[in-house]
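A.B. asks: Before anything else, here's the structure in question.
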Amino acid sequence: MMRSKIKNILVETASKKFGLKQVPDFSVEIPENSAHGDYAANIALVLARQLKKNPLDIARILDMELEAWSLKHGLKTEIVPPGFINFFLNSKILGETLKDILKKKNKFGRGQPQQGTIVIEYSSPNIAKPLGIHHLRTTVIGQALVNTLRFVGWKVVSLSFPGDWGTQFGNLIAGYKRWGKPEKIKQNPIKELLKLYVMFSQAAQGHPEMTAEGRREFKKLEEGDKENLRLWKWFARESYKDFNKVYKILGVKIEHTIGESFYEPELKKLVDDAIKKGLAQKGADGSVVIPLKDSPTPEIIRKSDGATIYTTRELAAIRHRFKKWRADKILYVAANQQTFHLEQVFKSAVALGLAKRAQLGHVKFGMVLAPGGKKFATREGNLIPMEDVLKEAEERAKKIVEGLNPKLSQKEKNKIAHTVGIGAIKFFDLSQNRLSDIVFDWNKMLNLKGASAPYIQYSYARLKSIIRKSKGPFTQFKSELLKENAEIALIKHLTHFPEIVADSAQKYEPNKLAEYLLRLAEKVNTLYEKVPILSAEKEIKNSRLALINAAALIIKNGLGLLGIEASERM
RNA sequence: GCCCCUAUAGUUCAAUGGAUAGAAUGCGAGAUUGCGGAUCUCGUGAUUCAGGUUCGAAUCCUGAUGGGGGCACCA
């Protein structure tokens, strides 16, 4: 990547020229304003204070020293007040990049495969409830992170950790025993189970004897009660069928699904060992806690009734993951609300010697809020099933396809509606900063115009349309023939793809890549309007075909990293 | 009460401490004998407030205000 080459040579040159042991951190950025070059370094500004020199003088000294290197690497430099060094790529190096893209295709921009193993836990629904709109972000962001981190060279283990164990299943079983009807559940399993759970939770409010009843049922489940175990297995089976249906629509593939219940057999020993080693303490009421420094509360790992708790299972999971996959790191793609809880789990894991703090990371994100900015709550039963949202998106997209391309076959229309509708929803999420809240709004989410996946997909389809109409060739070009502004802007943008993907992966910020793809589509559309391709003179035509071929490759690959499909027709 | 996230055009979002704060949408004006008008071009309009640090602050620090979330035997 050119950016890291520039950074490295600047560090090297500065330390040599000014006798520095440590060059302070500085940036080589990709300026938004093209007049500021293709890369801009602020090293002279950063060094000015330390060296007590005029930043412009420092920039000039560095630039002179770099002259030969720049020339060799196809860069023209420029010193600009107050002390920026701007680098411009020349047409020869741009041609080389274009060639590289056409050769490597969807491998262009890939990182070296040696960075270590990272486990990413995401999309962990609770059984006996449908996947809801509130699972959208963890699922979509999680999948994008899996794809991008893998692309830049990490070995990635993708993992879902469903909530299939705990007191809530005591509540569910208690509700079922009170009011459940097997034949009704067979008809519509998830909907009925959710109803029972909600009914019981509501009835238990202000009725401690019912709360105790729920806990008792879970305790029995944990002790291996046959009837409760049978019910639990049944509920779980139905749930996974339901999840997989939605994942299929969403195009999400999670390699491993290991629920909380998996860790049940090892929990007793885990807690007992912790007590034995003096890392956990038994309270007067029979509960067991891990005392935590720098935390307002200790963490409970066994309840006073002797049953385990979520944290206990999390700790067992951490131990298991490090062992099974020899992981260097575990990332939790989980909502901001989980921050305190996960912090407690991480601190507990460190206290028990299961992990170093730096190996555990919480990739947090804002909430999907109900219209009006309120939280969706399952207890009140107003959960919005993800499946409904996805179906609605497909239907809206279908209407648009009908209007635009009525001649396509029904089958093809459906396929395009799926690609466009699902893409729109995913992009709506991924194009925004992870941390901000999203207010759920059908119109905005499904708006197929403007800064959206369909805009990018449309650009792709137009390129593909030209490619279909021409007979090629698609890889023969002369870079000196690509000299229109629109062409140069596009090639330059393509050059930055590896750098953007690397940033996006490193910061766990898919919106960086989403933004890049929007800009790319914009440049493609501008080129499309300004520059004729099929009607151009032969050599120019071939060069332009090579260029749009490369652009199409990058769009397709970039969207793919976000988990979004691109259709050749739409 | 304590803790976490957050505040940027009317609205929805961008912007590693860096150059003239970018888009989308909305509104206004324009572009089609031509490769797909779901497009393109131009215009309009914003950093919550008060201090501080810095050559330079939307960004960092302190305080205030607004919004969301969380605070051990739920997950």
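Each chain of the structure tokens is named A, B, ... in the order shown, its residues numbered from 1; ligands are numbered from 1 in display order.
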From a DSSP calculation on the backbone, collect every residue of region 311-398 of chain A in strand (DSSP E) and output the set as a list in words.

C.D. replies: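 Residues of region 311-398 of chain A classed as strand (DSSP E): Lys329, Ile330, Leu331, Tyr332, Val333, Ala334, Ala335, Leu360, Gly361, His362, Val363, Lys364, Phe365, Val368 and Leu369 of chain A.
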
A.B. asks: Could you work out which residues of chain A fall inside 7 Å of chain B? Count only C-alpha atoms (C1' of nucleotides), and format the result as a list in words.

C.D. replies: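 Here is what falls inside 7 Å: Ser27, Thr297, Pro298, Glu299, Ile300, Lys303, Ser304, Tyr310, Asn336, Gln337, Thr339, Phe340, Gln432, Leu435, Ser436, Lys449, Gly450, Ala451, Tyr455, Tyr458, Arg462, Ile466, Asn525, Thr526, Glu529, Pro532, Ile533 and Leu534 of chain A.
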
A.B. asks: Okay, now the selection with N, CA and C atoms, as a short mmCIF file (atom, residue, chain, number, x, y, z; two decimals), in the first residue's frame?

C.D. replies:
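Generated output (result.cif):
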```
data_model
loop_
_atom_site.label_atom_id
_atom_site.label_comp_id
_atom_site.auth_asym_id
_atom_site.auth_seq_id
_atom_site.Cartn_x
_atom_site.Cartn_y
_atom_site.Cartn_z
N SER A 27 0.24 11.75 10.71
CA SER A 27 -0.72 11.08 9.82
C SER A 27 -0.34 11.23 8.36
N THR A 297 -19.28 -3.17 42.02
CA THR A 297 -19.85 -4.38 42.60
C THR A 297 -18.99 -5.59 42.25
N PRO A 298 -19.02 -6.59 43.12
CA PRO A 298 -18.40 -7.85 42.74
C PRO A 298 -19.28 -8.54 41.71
N GLU A 299 -18.82 -9.63 41.11
CA GLU A 299 -19.63 -10.30 40.11
C GLU A 299 -20.11 -11.64 40.64
N ILE A 300 -21.41 -11.86 40.59
CA ILE A 300 -22.00 -13.11 41.07
C ILE A 300 -21.77 -14.21 40.04
N LYS A 303 -25.81 -18.22 42.10
CA LYS A 303 -26.90 -17.58 42.83
C LYS A 303 -27.10 -18.24 44.19
N SER A 304 -27.84 -17.56 45.06
CA SER A 304 -28.03 -18.08 46.42
C SER A 304 -28.80 -19.40 46.42
N TYR A 310 -25.66 -16.18 33.90
CA TYR A 310 -25.09 -15.87 32.61
C TYR A 310 -23.57 -15.71 32.66
N ASN A 336 -24.50 -1.32 23.11
CA ASN A 336 -23.95 -0.42 24.10
C ASN A 336 -24.46 -0.71 25.52
N GLN A 337 -25.71 -1.16 25.62
CA GLN A 337 -26.30 -1.44 26.94
C GLN A 337 -25.53 -2.53 27.68
N THR A 339 -22.41 -2.81 27.97
CA THR A 339 -21.08 -2.36 28.37
C THR A 339 -20.72 -2.75 29.79
N PHE A 340 -21.60 -2.41 30.72
CA PHE A 340 -21.28 -2.67 32.12
C PHE A 340 -21.16 -4.17 32.38
N GLN A 432 -23.73 3.89 8.76
CA GLN A 432 -23.74 4.84 9.87
C GLN A 432 -22.72 4.44 10.91
N LEU A 435 -21.75 3.73 16.75
CA LEU A 435 -22.11 4.12 18.11
C LEU A 435 -23.41 4.93 18.21
N SER A 436 -23.83 5.51 17.10
CA SER A 436 -25.05 6.32 17.24
C SER A 436 -26.29 5.44 17.15
N LYS A 449 -33.27 5.50 -2.90
CA LYS A 449 -32.54 6.53 -3.63
C LYS A 449 -31.38 7.05 -2.79
N GLY A 450 -30.55 7.85 -3.44
CA GLY A 450 -29.54 8.58 -2.70
C GLY A 450 -28.46 7.69 -2.12
N ALA A 451 -28.01 8.03 -0.92
CA ALA A 451 -26.90 7.33 -0.29
C ALA A 451 -27.36 5.98 0.21
N TYR A 455 -28.22 2.56 -4.87
CA TYR A 455 -27.46 3.53 -5.67
C TYR A 455 -26.16 2.89 -6.16
N TYR A 458 -26.94 -0.01 -8.55
CA TYR A 458 -27.35 0.52 -9.85
C TYR A 458 -26.13 0.89 -10.69
N ARG A 462 -25.16 -0.75 -14.33
CA ARG A 462 -24.91 0.01 -15.55
C ARG A 462 -23.56 -0.35 -16.17
N ILE A 466 -22.82 -2.20 -19.95
CA ILE A 466 -21.86 -1.81 -20.99
C ILE A 466 -20.95 -2.99 -21.31
N ASN A 525 -20.71 6.98 -11.80
CA ASN A 525 -21.83 7.63 -12.47
C ASN A 525 -21.41 8.90 -13.20
N THR A 526 -20.48 9.63 -12.60
CA THR A 526 -19.98 10.83 -13.27
C THR A 526 -19.29 10.43 -14.58
N GLU A 529 -21.73 9.60 -17.26
CA GLU A 529 -22.37 10.74 -17.90
C GLU A 529 -21.43 11.51 -18.82
N PRO A 532 -18.12 8.89 -23.15
CA PRO A 532 -18.68 7.78 -23.91
C PRO A 532 -17.69 6.62 -23.96
N ILE A 533 -18.20 5.42 -23.91
CA ILE A 533 -17.31 4.27 -23.91
C ILE A 533 -17.46 3.45 -25.19
N LEU A 534 -18.64 2.95 -25.43
CA LEU A 534 -18.81 2.06 -26.58
C LEU A 534 -18.57 2.77 -27.90
#
```

A.B. asks: Could you give me, as a PyMOL selection string, the residues within 12 Å of A29 (chain B), counting only C-alpha atoms (C1' of nucleotides) and dropping anything in the same chain fewer than 4 positions from it?

C.D. replies: chain B and resi 41-44

A.B. asks: As number ranges by chain, list the residues of region 331-519 of chain A assigned to alpha helix (DSSP H) by DSSP on the backbone atoms of this structure.

C.D. replies: A: 339-351, 386-404, 410-430, 442-446, 453-469, 485-495, 497-506, 510-519

A.B. asks: If I take CA of Val11 (chain A) and CA of Val23 (chain A), how far is one from the other in Å, to one decimal?

C.D. replies: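 Straight-line distance from CA of Val11 (chain A) to CA of Val23 (chain A) works out to 6.3 Å.
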
A.B. asks: If I take CA of Val28 (chain A) and CA of Ala41 (chain A), how far is one from the other in Å, to one decimal?

C.D. replies: 4.4 Å

A.B. asks: Would you kindly return, as a PyMOL selection string, each protein, DNA or RNA residue with an atom no farther than 7 Å from any atom of Asn557 (chain A), considering only C-alpha atoms (C1' of nucleotides) and excluding same-chain residues fewer than 4 positions away?

C.D. replies: chain A and resi 106+553+561

A.B. asks: Save the residues we just selected, C-alpha atoms, as an mmCIF file, in the first residue's frame?

C.D. replies:
```cif
data_model
loop_
_atom_site.group_PDB
_atom_site.id
_atom_site.type_symbol
_atom_site.label_atom_id
_atom_site.label_comp_id
_atom_site.auth_asym_id
_atom_site.auth_seq_id
_atom_site.Cartn_x
_atom_site.Cartn_y
_atom_site.Cartn_z
ATOM 1 C CA ASN A 106 -11.254 -9.989 -5.962
ATOM 2 C CA LEU A 553 -14.680 -5.656 -9.641
ATOM 3 C CA LEU A 561 -17.197 -7.514 2.305
#
```

A.B. asks: Name the closest residue to Pro296 (chain A) among the candidates A:Gly170, A:Glu343, A:Ala14, A:Phe108; distances are taken between atoms, counting only C-alpha atoms.

C.D. replies: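 Smallest distance to Pro296 (chain A) is found for A:Glu343.
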
A.B. asks: Set the distance at 12 Å and use only C-alpha atoms (C1' of nucleotides): which residues neighbour Gly224 (chain A) once local chain neighbours fewer than 5 positions away are removed? I'd like the list as a ChimeraX atom specification.

C.D. replies: /A:217-219,229-233,261,264-265

A.B. asks: Take the residues from that selection and put them in a file with C-alpha atoms, as an mmCIF file, in the first residue's frame.

C.D. replies:
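Wrote out.cif, looks like this:
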```cif
data_model
loop_
_atom_site.group_PDB
_atom_site.id
_atom_site.type_symbol
_atom_site.label_atom_id
_atom_site.label_comp_id
_atom_site.auth_asym_id
_atom_site.auth_seq_id
_atom_site.Cartn_x
_atom_site.Cartn_y
_atom_site.Cartn_z
ATOM 1 C CA GLU A 217 -38.374 -24.531 37.106
ATOM 2 C CA PHE A 218 -34.949 -23.453 35.917
ATOM 3 C CA LYS A 219 -33.305 -25.074 38.921
ATOM 4 C CA LEU A 229 -35.379 -31.050 29.648
ATOM 5 C CA ARG A 230 -37.762 -32.443 27.042
ATOM 6 C CA LEU A 231 -39.612 -29.130 26.803
ATOM 7 C CA TRP A 232 -36.383 -27.173 26.604
ATOM 8 C CA LYS A 233 -35.030 -29.327 23.783
ATOM 9 C CA SER A 261 -26.203 -24.666 27.724
ATOM 10 C CA GLU A 264 -23.520 -26.331 31.831
ATOM 11 C CA PRO A 265 -21.523 -29.490 32.703
#
```

A.B. asks: Compile the contact shell of region 143-149 of chain A as a PyMOL selection string: residues with an atom at most 8 Å away, counting only C-alpha atoms (C1' of nucleotides), same-chain residues fewer than 4 positions apart removed.

C.D. replies: chain A and resi 120+122+139+153-158+252-253+501+504-506+508+510+561-563

A.B. asks: Go through A:Leu102, A:Ala546, A:Ile58, A:Leu404 one by one, measure the shortest atom-to-atom distance of each to Phe84 (chain A) using only C-alpha atoms, and give the residue with the smallest value.

C.D. replies: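 Closest to Phe84 (chain A) of all the choices is A:Ile58.
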
A.B. asks: Name the residues in contact with Val333 (chain A) at a cut-off of 9 Å, using only C-alpha atoms (C1' of nucleotides), excluding same-chain residues fewer than 5 positions from it; report them as a PyMOL selection string.

C.D. replies: chain A and resi 120-123+137-139+141-142+361-365

A.B. asks: Would you write out those residues with C-alpha atoms, as a PDB file, in the first residue's frame?

C.D. replies:
```pdb
ATOM      1  CA  ILE A 120     -16.000 -12.820  16.744  1.00  0.00           C
ATOM      2  CA  GLU A 121     -19.156 -13.404  18.718  1.00  0.00           C
ATOM      3  CA  TYR A 122     -22.229 -11.817  17.171  1.00  0.00           C
ATOM      4  CA  SER A 123     -25.923 -12.283  16.551  1.00  0.00           C
ATOM      5  CA  ARG A 137     -27.105  -4.484  14.089  1.00  0.00           C
ATOM      6  CA  THR A 138     -25.144  -7.223  15.810  1.00  0.00           C
ATOM      7  CA  THR A 139     -25.838  -9.570  12.912  1.00  0.00           C
ATOM      8  CA  ILE A 141     -22.102  -5.429  11.715  1.00  0.00           C
ATOM      9  CA  GLY A 142     -20.746  -8.730  12.994  1.00  0.00           C
ATOM     10  CA  GLY A 361     -12.922  -6.473  23.179  1.00  0.00           C
ATOM     11  CA  HIS A 362     -16.418  -5.084  23.096  1.00  0.00           C
ATOM     12  CA  VAL A 363     -17.425  -3.728  19.699  1.00  0.00           C
ATOM     13  CA  LYS A 364     -20.363  -1.663  20.810  1.00  0.00           C
ATOM     14  CA  PHE A 365     -23.118  -0.076  18.815  1.00  0.00           C
TER      15      PHE A 365
END
```

A.B. asks: Of the candidates A:Leu292, A:Ala397, A:Leu545, A:Ile456, which shows the shortest atom-to-atom distance to Arg468 (chain A), using only C-alpha atoms?

C.D. replies: A:Leu545
